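Structure file entry.txt (compact mmCIF, C-alpha atoms) is printed below.
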# COMPACT_ATOMS: atom_id res chain seq x y z
CA MET U 983 -25.70 203.83 -83.74
CA ALA U 984 -23.08 201.85 -81.87
CA LEU U 985 -22.19 204.21 -79.11
CA ASP U 986 -20.12 203.34 -76.11
CA PRO U 987 -21.89 204.03 -72.81
CA LEU U 988 -20.08 207.32 -72.18
CA SER U 989 -20.82 208.61 -75.70
CA SER U 990 -24.53 207.95 -75.32
CA THR U 991 -24.37 209.72 -71.97
CA PHE U 992 -22.86 212.80 -73.57
CA ALA U 993 -25.23 212.67 -76.52
CA ALA U 994 -28.10 212.61 -74.03
CA LEU U 995 -26.65 215.62 -72.23
CA ALA U 996 -26.21 217.63 -75.43
CA ASP U 997 -29.83 218.80 -75.32
CA PRO U 998 -30.77 221.73 -73.03
CA THR U 999 -34.25 220.32 -72.29
CA ARG U 1000 -32.74 217.04 -71.13
CA ARG U 1001 -30.25 218.90 -68.94
CA ALA U 1002 -33.13 220.85 -67.42
CA ILE U 1003 -34.99 217.59 -66.76
CA LEU U 1004 -31.91 216.20 -65.00
CA ALA U 1005 -31.54 219.36 -62.94
CA ARG U 1006 -35.16 218.97 -61.84
CA LEU U 1007 -34.70 215.27 -61.03
CA ALA U 1008 -31.56 216.04 -59.06
CA ARG U 1009 -33.88 217.60 -56.48
CA SER U 1010 -36.33 214.70 -56.18
CA GLU U 1011 -37.99 211.92 -58.14
CA THR U 1012 -40.96 213.13 -60.13
CA SER U 1013 -43.74 211.91 -62.40
CA VAL U 1014 -43.69 212.60 -66.14
CA MET U 1015 -46.66 214.97 -65.75
CA GLU U 1016 -44.80 217.03 -63.17
CA LEU U 1017 -41.67 217.05 -65.29
CA ALA U 1018 -43.54 218.31 -68.34
CA LYS U 1019 -45.08 221.29 -66.52
CA PRO U 1020 -42.27 223.85 -66.82
CA PHE U 1021 -41.68 223.04 -70.50
CA ASP U 1022 -43.75 224.20 -73.42
CA MET U 1023 -43.91 220.66 -74.76
CA SER U 1024 -46.36 217.84 -75.27
CA LEU U 1025 -46.22 214.78 -73.03
CA PRO U 1026 -45.05 212.58 -75.92
CA ALA U 1027 -42.19 215.02 -76.60
CA ILE U 1028 -41.13 214.87 -72.97
CA SER U 1029 -41.45 211.10 -72.98
CA LYS U 1030 -39.10 210.97 -75.94
CA HIS U 1031 -36.47 212.95 -74.01
CA LEU U 1032 -36.95 210.65 -71.03
CA LYS U 1033 -36.35 207.62 -73.23
CA VAL U 1034 -33.04 209.07 -74.40
CA LEU U 1035 -32.01 209.76 -70.81
CA GLU U 1036 -33.12 206.30 -69.72
CA HIS U 1037 -31.27 204.64 -72.61
CA ALA U 1038 -28.12 206.55 -71.61
CA GLY U 1039 -28.50 205.24 -68.09
CA LEU U 1040 -28.89 208.73 -66.64
CA ILE U 1041 -32.34 208.13 -65.18
CA SER U 1042 -34.33 205.12 -64.13
CA ARG U 1043 -38.08 204.58 -64.08
CA THR U 1044 -40.04 202.26 -61.87
CA ARG U 1045 -41.93 199.70 -63.94
CA GLU U 1046 -44.48 198.74 -61.31
CA ALA U 1047 -45.98 201.99 -60.18
CA GLN U 1048 -48.62 203.34 -62.54
CA ARG U 1049 -47.27 206.88 -62.55
CA ARG U 1050 -43.77 205.56 -63.27
CA PRO U 1051 -41.80 208.20 -61.37
CA CYS U 1052 -38.40 209.13 -62.83
CA ARG U 1053 -35.24 209.39 -60.81
CA ILE U 1054 -31.56 210.10 -61.34
CA ALA U 1055 -29.28 207.10 -61.80
CA PRO U 1056 -26.19 208.14 -59.83
CA ALA U 1057 -23.81 205.55 -61.31
CA SER U 1058 -23.66 207.31 -64.70
CA PHE U 1059 -22.79 210.57 -63.08
CA ARG U 1060 -19.88 209.05 -61.27
CA GLU U 1061 -18.60 207.95 -64.67
CA ILE U 1062 -18.83 211.48 -66.05
CA ASP U 1063 -17.19 212.88 -62.99
CA GLY U 1064 -14.32 210.53 -63.70
CA TRP U 1065 -14.03 211.99 -67.17
CA LEU U 1066 -13.80 215.53 -65.82
CA GLY U 1067 -11.56 214.06 -63.18
CA ASN U 1068 -8.10 214.92 -64.48
CA PHE U 1069 -8.69 218.64 -64.52
CA ARG U 1070 -10.43 218.50 -61.16
CA ARG U 1071 -7.81 216.23 -59.62
CA PHE U 1072 -4.94 218.49 -60.72
CA TRP U 1073 -6.54 221.50 -59.07
CA ASP U 1074 -7.92 219.63 -56.04
CA ASP U 1075 -4.47 218.23 -55.27
CA SER U 1076 -2.79 221.57 -55.86
CA LEU U 1077 -5.22 223.61 -53.81
CA ASN U 1078 -5.18 221.14 -50.90
CA ARG U 1079 -1.41 221.57 -50.81
CA LEU U 1080 -1.92 225.33 -50.96
CA ASP U 1081 -4.05 225.00 -47.80
CA ASP U 1082 -1.13 223.34 -46.01
CA LEU U 1083 1.30 226.00 -47.24
CA LEU U 1084 -1.01 228.80 -46.07
CA GLU U 1085 -1.18 227.24 -42.61
CA GLN U 1086 2.61 227.31 -42.50
CA MET U 1087 2.72 230.91 -43.77
CA LYS U 1088 0.19 231.94 -41.11
CA ALA U 1089 2.21 230.21 -38.40
CA GLU U 1090 5.44 231.89 -39.56
CA GLU U 1091 3.73 235.26 -39.63
CA ALA U 1092 2.27 234.73 -36.18
CA ALA U 1093 5.68 233.75 -34.84
CA LYS U 1094 7.11 237.00 -36.19
CA SER U 1095 4.47 239.34 -34.82
CA SER U 1096 2.82 237.72 -31.80
CA PRO U 1097 3.84 239.19 -28.45
CA ARG U 1098 3.05 235.86 -26.79
CA THR U 1099 5.93 233.94 -28.30
CA ASN U 1100 9.70 234.12 -27.89
CA ARG U 1101 9.51 237.47 -29.61
CA LYS U 1102 8.40 238.97 -26.30
CA VAL U 1103 11.63 237.91 -24.72
CA THR U 1104 13.76 239.29 -27.52
CA LYS U 1105 11.80 242.55 -27.53
CA LEU U 1106 12.48 243.02 -23.82
CA LYS U 1107 16.13 242.29 -24.36
CA VAL U 1108 16.28 244.81 -27.18
CA ARG U 1109 14.63 247.44 -25.01
CA ALA U 1110 17.01 246.73 -22.19
CA THR U 1111 20.07 247.09 -24.39
CA ARG U 1112 18.66 250.26 -25.94
CA GLU U 1113 17.99 251.91 -22.62
CA LYS U 1114 21.49 251.42 -21.32
CA PRO U 1115 23.32 253.47 -23.96
CA ARG U 1116 20.60 256.14 -23.84
CA GLY U 1117 21.13 256.46 -20.14
CA ARG U 1118 24.82 256.80 -20.63
CA THR U 1119 24.62 259.57 -23.22
CA ARG U 1120 22.31 261.57 -20.98
CA ARG U 1121 24.76 261.39 -18.17
CA MET V 964 -15.99 231.65 -34.28
CA ASP V 965 -17.15 231.60 -37.89
CA ALA V 966 -17.68 228.38 -39.71
CA ARG V 967 -14.60 227.06 -41.46
CA ALA V 968 -13.88 227.95 -45.06
CA ASP V 969 -15.73 225.90 -47.64
CA LYS V 970 -12.84 224.07 -49.25
CA THR V 971 -14.88 222.47 -52.00
CA LEU V 972 -13.47 223.22 -55.43
CA ARG V 973 -16.33 224.34 -57.66
CA ILE V 974 -15.81 224.10 -61.40
CA THR V 975 -18.36 225.60 -63.75
CA THR V 976 -18.57 226.58 -67.42
CA PRO V 977 -20.20 230.03 -67.43
CA SER V 978 -20.02 230.30 -71.24
CA ASP V 979 -18.92 228.21 -74.20
CA PHE V 980 -15.44 229.68 -73.94
CA GLU V 981 -14.88 229.72 -70.20
CA ILE V 982 -14.06 227.55 -67.23
CA ALA V 983 -14.52 229.06 -63.79
CA MET V 984 -13.13 227.69 -60.55
CA THR V 985 -13.97 228.88 -57.06
CA ARG V 986 -12.32 227.87 -53.81
CA GLN V 987 -12.08 229.27 -50.28
CA PHE V 988 -9.01 229.40 -48.07
CA ASP V 989 -8.61 229.90 -44.34
CA ALA V 990 -6.11 232.73 -44.77
CA PRO V 991 -6.00 236.44 -45.57
CA ARG V 992 -5.71 237.21 -49.25
CA ARG V 993 -2.25 238.77 -49.08
CA LEU V 994 -0.95 235.32 -48.08
CA VAL V 995 -2.95 233.57 -50.79
CA PHE V 996 -1.71 236.11 -53.35
CA ASP V 997 1.91 235.62 -52.31
CA ALA V 998 1.52 231.84 -52.35
CA MET V 999 0.21 232.10 -55.92
CA THR V 1000 2.78 234.53 -57.26
CA ARG V 1001 6.13 233.89 -55.55
CA PRO V 1002 8.15 231.01 -56.99
CA GLU V 1003 9.45 229.81 -53.63
CA TYR V 1004 5.82 229.21 -52.64
CA VAL V 1005 4.40 228.09 -56.01
CA VAL V 1006 6.79 225.10 -56.21
CA ARG V 1007 5.36 223.91 -52.92
CA TRP V 1008 1.78 223.45 -54.09
CA LEU V 1009 1.14 223.68 -57.84
CA GLY V 1010 0.94 220.38 -59.70
CA CYS V 1011 0.22 216.70 -59.11
CA ASP V 1012 2.08 214.28 -56.90
CA ALA V 1013 3.09 212.44 -60.06
CA PHE V 1014 4.96 215.47 -61.46
CA ALA V 1015 8.15 217.15 -60.35
CA MET V 1016 8.44 220.91 -60.94
CA PRO V 1017 12.06 221.52 -61.92
CA VAL V 1018 11.48 225.05 -63.26
CA CYS V 1019 9.42 227.79 -61.63
CA GLU V 1020 10.30 231.32 -62.79
CA ILE V 1021 8.10 234.34 -62.18
CA ASP V 1022 8.60 237.98 -63.14
CA LEU V 1023 5.53 239.48 -61.50
CA ARG V 1024 4.85 242.79 -63.27
CA VAL V 1025 2.70 243.85 -66.20
CA GLY V 1026 4.46 242.51 -69.31
CA GLY V 1027 6.57 240.18 -67.17
CA THR V 1028 6.58 236.47 -67.96
CA TYR V 1029 6.58 233.20 -66.06
CA ARG V 1030 7.56 229.65 -66.89
CA PHE V 1031 6.58 226.47 -65.04
CA VAL V 1032 7.90 223.08 -66.12
CA PHE V 1033 6.29 219.88 -64.85
CA ARG V 1034 8.12 216.62 -65.48
CA SER V 1035 6.59 213.16 -65.14
CA ALA V 1036 8.52 210.16 -63.88
CA ASP V 1037 9.04 208.99 -67.48
CA GLY V 1038 10.57 212.36 -68.42
CA ILE V 1039 7.64 213.91 -70.32
CA GLU V 1040 7.44 217.66 -69.81
CA HIS V 1041 4.38 219.87 -69.66
CA VAL V 1042 5.30 223.55 -69.82
CA LEU V 1043 3.10 226.45 -68.75
CA THR V 1044 4.26 229.87 -69.93
CA GLY V 1045 2.53 233.20 -69.74
CA THR V 1046 2.66 236.98 -69.65
CA TYR V 1047 1.12 239.10 -66.91
CA ARG V 1048 -1.48 241.59 -68.13
CA GLU V 1049 -2.61 242.98 -64.76
CA VAL V 1050 -1.03 242.69 -61.32
CA VAL V 1051 -2.95 244.24 -58.42
CA ARG V 1052 -1.62 242.84 -55.18
CA PRO V 1053 -3.38 241.31 -53.30
CA GLU V 1054 -6.67 241.27 -55.18
CA ARG V 1055 -6.29 240.50 -58.85
CA VAL V 1056 -3.94 239.02 -61.39
CA VAL V 1057 -4.56 238.52 -65.10
CA PHE V 1058 -2.31 236.65 -67.49
CA GLY V 1059 -2.30 235.08 -70.94
CA GLU V 1060 -1.12 231.48 -70.77
CA THR V 1061 -0.04 228.72 -73.15
CA ILE V 1062 0.44 225.06 -72.30
CA SER V 1063 2.75 222.87 -74.31
CA MET V 1064 3.67 219.21 -74.21
CA PRO V 1065 5.31 216.89 -76.72
CA GLY V 1066 3.40 217.26 -80.00
CA PHE V 1067 0.96 219.90 -78.78
CA THR V 1068 1.00 223.61 -78.00
CA SER V 1069 -2.26 225.29 -77.07
CA ASP V 1070 -3.48 228.68 -78.26
CA GLU V 1071 -3.15 231.36 -75.62
CA TYR V 1072 -5.99 231.55 -73.13
CA LEU V 1073 -6.69 234.32 -70.66
CA VAL V 1074 -6.66 233.59 -66.93
CA THR V 1075 -8.19 236.04 -64.45
CA SER V 1076 -7.88 235.40 -60.72
CA THR V 1077 -9.64 237.55 -58.15
CA LEU V 1078 -9.26 237.27 -54.39
CA VAL V 1079 -11.98 238.49 -52.07
CA GLU V 1080 -11.37 238.51 -48.33
CA ALA V 1081 -14.05 238.37 -45.64
CA GLY V 1082 -13.61 237.50 -41.99
CA GLY V 1083 -10.01 236.40 -42.51
CA ARG V 1084 -11.02 233.98 -45.26
CA THR V 1085 -10.28 234.35 -48.93
CA THR V 1086 -12.43 233.33 -51.87
CA LEU V 1087 -10.39 232.74 -54.99
CA THR V 1088 -12.20 232.84 -58.32
CA THR V 1089 -10.23 231.91 -61.41
CA THR V 1090 -11.74 232.24 -64.86
CA ILE V 1091 -10.01 230.67 -67.84
CA LYS V 1092 -11.15 232.08 -71.18
CA HIS V 1093 -10.30 230.20 -74.36
CA PRO V 1094 -10.51 231.53 -77.92
CA THR V 1095 -12.79 228.63 -79.00
CA LYS V 1096 -15.23 226.22 -77.42
CA GLU V 1097 -13.17 223.27 -78.70
CA ALA V 1098 -10.09 224.58 -76.91
CA ARG V 1099 -12.09 225.07 -73.73
CA ASP V 1100 -13.45 221.52 -73.93
CA GLY V 1101 -9.96 220.19 -74.58
CA HIS V 1102 -8.68 221.97 -71.48
CA LEU V 1103 -11.43 220.55 -69.29
CA SER V 1104 -10.82 217.02 -70.49
CA SER V 1105 -7.03 217.58 -70.34
CA GLY V 1106 -5.23 214.37 -71.01
CA ILE V 1107 -8.29 212.21 -71.56
CA GLU V 1108 -8.47 210.58 -75.00
CA GLN V 1109 -10.28 212.47 -77.71
CA GLY V 1110 -13.50 211.23 -79.22
CA VAL V 1111 -15.87 211.95 -76.40
CA ALA V 1112 -18.67 214.12 -77.74
CA PRO V 1113 -18.03 217.71 -76.64
CA ALA V 1114 -21.58 217.87 -75.39
CA TYR V 1115 -21.38 218.84 -71.80
CA ASP V 1116 -22.43 222.50 -71.68
CA ARG V 1117 -22.82 223.30 -68.04
CA LEU V 1118 -22.22 219.65 -67.31
CA ALA V 1119 -20.02 220.52 -64.38
CA ASP V 1120 -23.00 222.45 -62.99
CA VAL V 1121 -25.29 219.48 -63.43
CA VAL V 1122 -22.82 217.08 -61.87
CA ALA V 1123 -22.17 219.44 -58.98
CA GLY V 1124 -25.92 219.67 -58.45
CA MET V 1125 -26.10 215.91 -58.05
CA GLY V 1126 -24.27 216.27 -54.75
So, in terms of structure tokens, how does the structure I just supplied come out?
Amino acid sequence: MALDPLSSTFAALADPTRRAILARLARSETSVMELAKPFDMSLPAISKHLKVLEHAGLISRTREAQRRPCRIAPASFREIDGWLGNFRRFWDDSLNRLDDLLEQMKAEEAAKSSPRTNRKVTKLKVRATREKPRGRTRR
Amino acid sequence: MDARADKTLRITTPSDFEIAMTRQFDAPRRLVFDAMTRPEYVVRWLGCDAFAMPVCEIDLRVGGTYRFVFRSADGIEHVLTGTYREVVRPERVVFGETISMPGFTSDEYLVTSTLVEAGGRTTLTTTIKHPTKEARDGHLSSGIEQGVAPAYDRLADVVAGMG
């Protein structure tokens, strides 16, 4: 199969067991024995999944150490994130602008209702002008 | 004072047909709701820097419609149109939406937005439900060339978990 790197990444992610393995490795690097524990699977079966993940560049395994711990290879995930990127970027950009707009809306609202701003002055003026005619009608 | 709102956009795929987005805002929900549903506000935030938004029409009532047109610098238009199914200010809005661009018009998908306020902050959750998994996958990859295996169930979850 001549797959481009991203295709082999997605093929590797198509399997729920492999996704579960990645989720586990996202927490910390782990030996194959440890990885196999939560799954009802033989060690060779798990090893096969690990080979697929390794081939796709999603995990790496140390050659030297005897227990060959597995760990996440972050570079591949950046690539995938780039693929999801358009949708995310559209909404990230939009919602960041919405933050700015909300700050402005809050400021406008505060300017309208806060007694600490100019409003205080205008309120006093209004009261003063209201009191005058009232006084006159009473007289 | 409380910690600031968590402004991370979280995108997940809760089922084969859905995309869910969650985001917090440092504002009460009536402001967020207005910003999302009044055209004079919507034009100020929705879209990418690369797109102008020459049309933004909203008739916010059940059965009412809206129409947003985004135009790229080279004149290509992406049009979002929809019909409101539920309008409960300031906590919930549901609409059926279609996106069209030259040579492509999507099936209608259902968008549900809920706004929950706590301590002056608002959490917006938007769920987009497509009629098929293929349509959902197409939406997530929007604009990226076809041919990538649609094999990323809960991928957004996995990627998000990578930190």
Next item on the list: Find the residues around Val1034 in chain U up to 9 Å (all atoms listed in the file counted), leave out those fewer than 3 positions away in its own chain, and share them as JSON, numbers by chain.
Entry: {"U": [990, 993, 994, 1000, 1029, 1030, 1031, 1037, 1038, 1039, 1040]}
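Closest to chain U among V:Thr1085, V:Thr1075, V:Thr1061, V:Thr1095 is V:Thr1085, based on all atoms listed in the file.
With distances restricted to all atoms listed in the file, V:Leu1009 is the closest residue to chain U from V:Ala983, V:Ala968, V:Ile1039, V:Leu1009.
Ranking V:Val1006, V:Leu1043, V:Val1056, V:Ala1098 by their shortest atom-to-atom distance to chain U, with only C-alpha atoms included, puts V:Val1006 first.
Using all atoms listed in the file, the smallest distance between any of V:Tyr1072, V:Phe988, V:Tyr1047, V:Tyr1029 and chain U comes from V:Phe988.
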Check: Taking all atoms listed in the file into account, which of V:Arg1001, V:His1102, V:Arg1034, V:Arg986 comes nearest Ser1076 in chain V?
Finding: V:Arg986
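The interatomic distance for the pair CA of Gly1082 in chain V and CA of Pro1002 in chain V works out to 27.2 Å.
Taking all atoms listed in the file into account, chain U lies nearest to V:Arg1099 out of the set V:Arg1048, V:Arg1030, V:His1093, V:Arg1099.
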For Phe996 in chain V, work out the shell of residues within 10 Å, counting only C-alpha atoms and skipping chain neighbours fewer than 3 positions away, then give it as a compact mmCIF listing (two decimals) with C-alpha atoms, in the coordinates of the input.
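Just written: around-v9.txt:
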# COMPACT_ATOMS: atom_id res chain seq x y z
CA PRO V 991 -6.00 236.44 -45.57
CA ARG V 992 -5.71 237.21 -49.25
CA ARG V 993 -2.25 238.77 -49.08
CA MET V 999 0.21 232.10 -55.92
CA THR V 1000 2.78 234.53 -57.26
CA ARG V 1001 6.13 233.89 -55.55
CA VAL V 1051 -2.95 244.24 -58.42
CA ARG V 1052 -1.62 242.84 -55.18
CA PRO V 1053 -3.38 241.31 -53.30
CA GLU V 1054 -6.67 241.27 -55.18
CA ARG V 1055 -6.29 240.50 -58.85
CA VAL V 1056 -3.94 239.02 -61.39
CA SER V 1076 -7.88 235.40 -60.72
CA THR V 1077 -9.64 237.55 -58.15
CA LEU V 1078 -9.26 237.27 -54.39
CA THR V 1085 -10.28 234.35 -48.93
CA LEU V 1087 -10.39 232.74 -54.99
Checklist line | Exercise: Pro1051 in chain U partners within 9 Å, all atoms listed in the file, chain neighbours under 5 positions left out, as a VMD selection string | finding: chain U and resid 1011 to 1014 1042 to 1045
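Relative to CA of Ile1054 in chain U, CA of Thr976 in chain V is found at 21.8 Å.
As for CA of Arg967 in chain V and CA of Asp1081 in chain U, they are spaced 12.5 Å apart.
Within 7 Å of the point (7.4, 223.1, -70.0), and counting all atoms listed in the file, the protein, DNA and RNA residues are V:Phe1031, V:Val1032, V:Phe1033, V:Glu1040, V:His1041, V:Val1042, V:Leu1043, V:Ser1063, V:Met1064.
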Notebook entry, point to check: Residues at most 12 Å from Ile1028 in chain U, counting only C-alpha atoms, excluding those fewer than 4 positions away in the same chain, as a PyMOL selection string?
Noted result: chain U and resi 999-1000+1002-1003+1013-1024+1032-1035+1052
Suppose we keep C-alpha atoms; can you now write the selection as a PDB file, in the coordinates of the input?
ATOM      1  CA  THR U 999     -34.250 220.320 -72.290  1.00  0.00           C
ATOM      2  CA  ARG U1000     -32.740 217.040 -71.130  1.00  0.00           C
ATOM      3  CA  ALA U1002     -33.130 220.850 -67.420  1.00  0.00           C
ATOM      4  CA  ILE U1003     -34.990 217.590 -66.760  1.00  0.00           C
ATOM      5  CA  SER U1013     -43.740 211.910 -62.400  1.00  0.00           C
ATOM      6  CA  VAL U1014     -43.690 212.600 -66.140  1.00  0.00           C
ATOM      7  CA  MET U1015     -46.660 214.970 -65.750  1.00  0.00           C
ATOM      8  CA  GLU U1016     -44.800 217.030 -63.170  1.00  0.00           C
ATOM      9  CA  LEU U1017     -41.670 217.050 -65.290  1.00  0.00           C
ATOM     10  CA  ALA U1018     -43.540 218.310 -68.340  1.00  0.00           C
ATOM     11  CA  LYS U1019     -45.080 221.290 -66.520  1.00  0.00           C
ATOM     12  CA  PRO U1020     -42.270 223.850 -66.820  1.00  0.00           C
ATOM     13  CA  PHE U1021     -41.680 223.040 -70.500  1.00  0.00           C
ATOM     14  CA  ASP U1022     -43.750 224.200 -73.420  1.00  0.00           C
ATOM     15  CA  MET U1023     -43.910 220.660 -74.760  1.00  0.00           C
ATOM     16  CA  SER U1024     -46.360 217.840 -75.270  1.00  0.00           C
ATOM     17  CA  LEU U1032     -36.950 210.650 -71.030  1.00  0.00           C
ATOM     18  CA  LYS U1033     -36.350 207.620 -73.230  1.00  0.00           C
ATOM     19  CA  VAL U1034     -33.040 209.070 -74.400  1.00  0.00           C
ATOM     20  CA  LEU U1035     -32.010 209.760 -70.810  1.00  0.00           C
ATOM     21  CA  CYS U1052     -38.400 209.130 -62.830  1.00  0.00           C
TER      22      CYS U1052
END
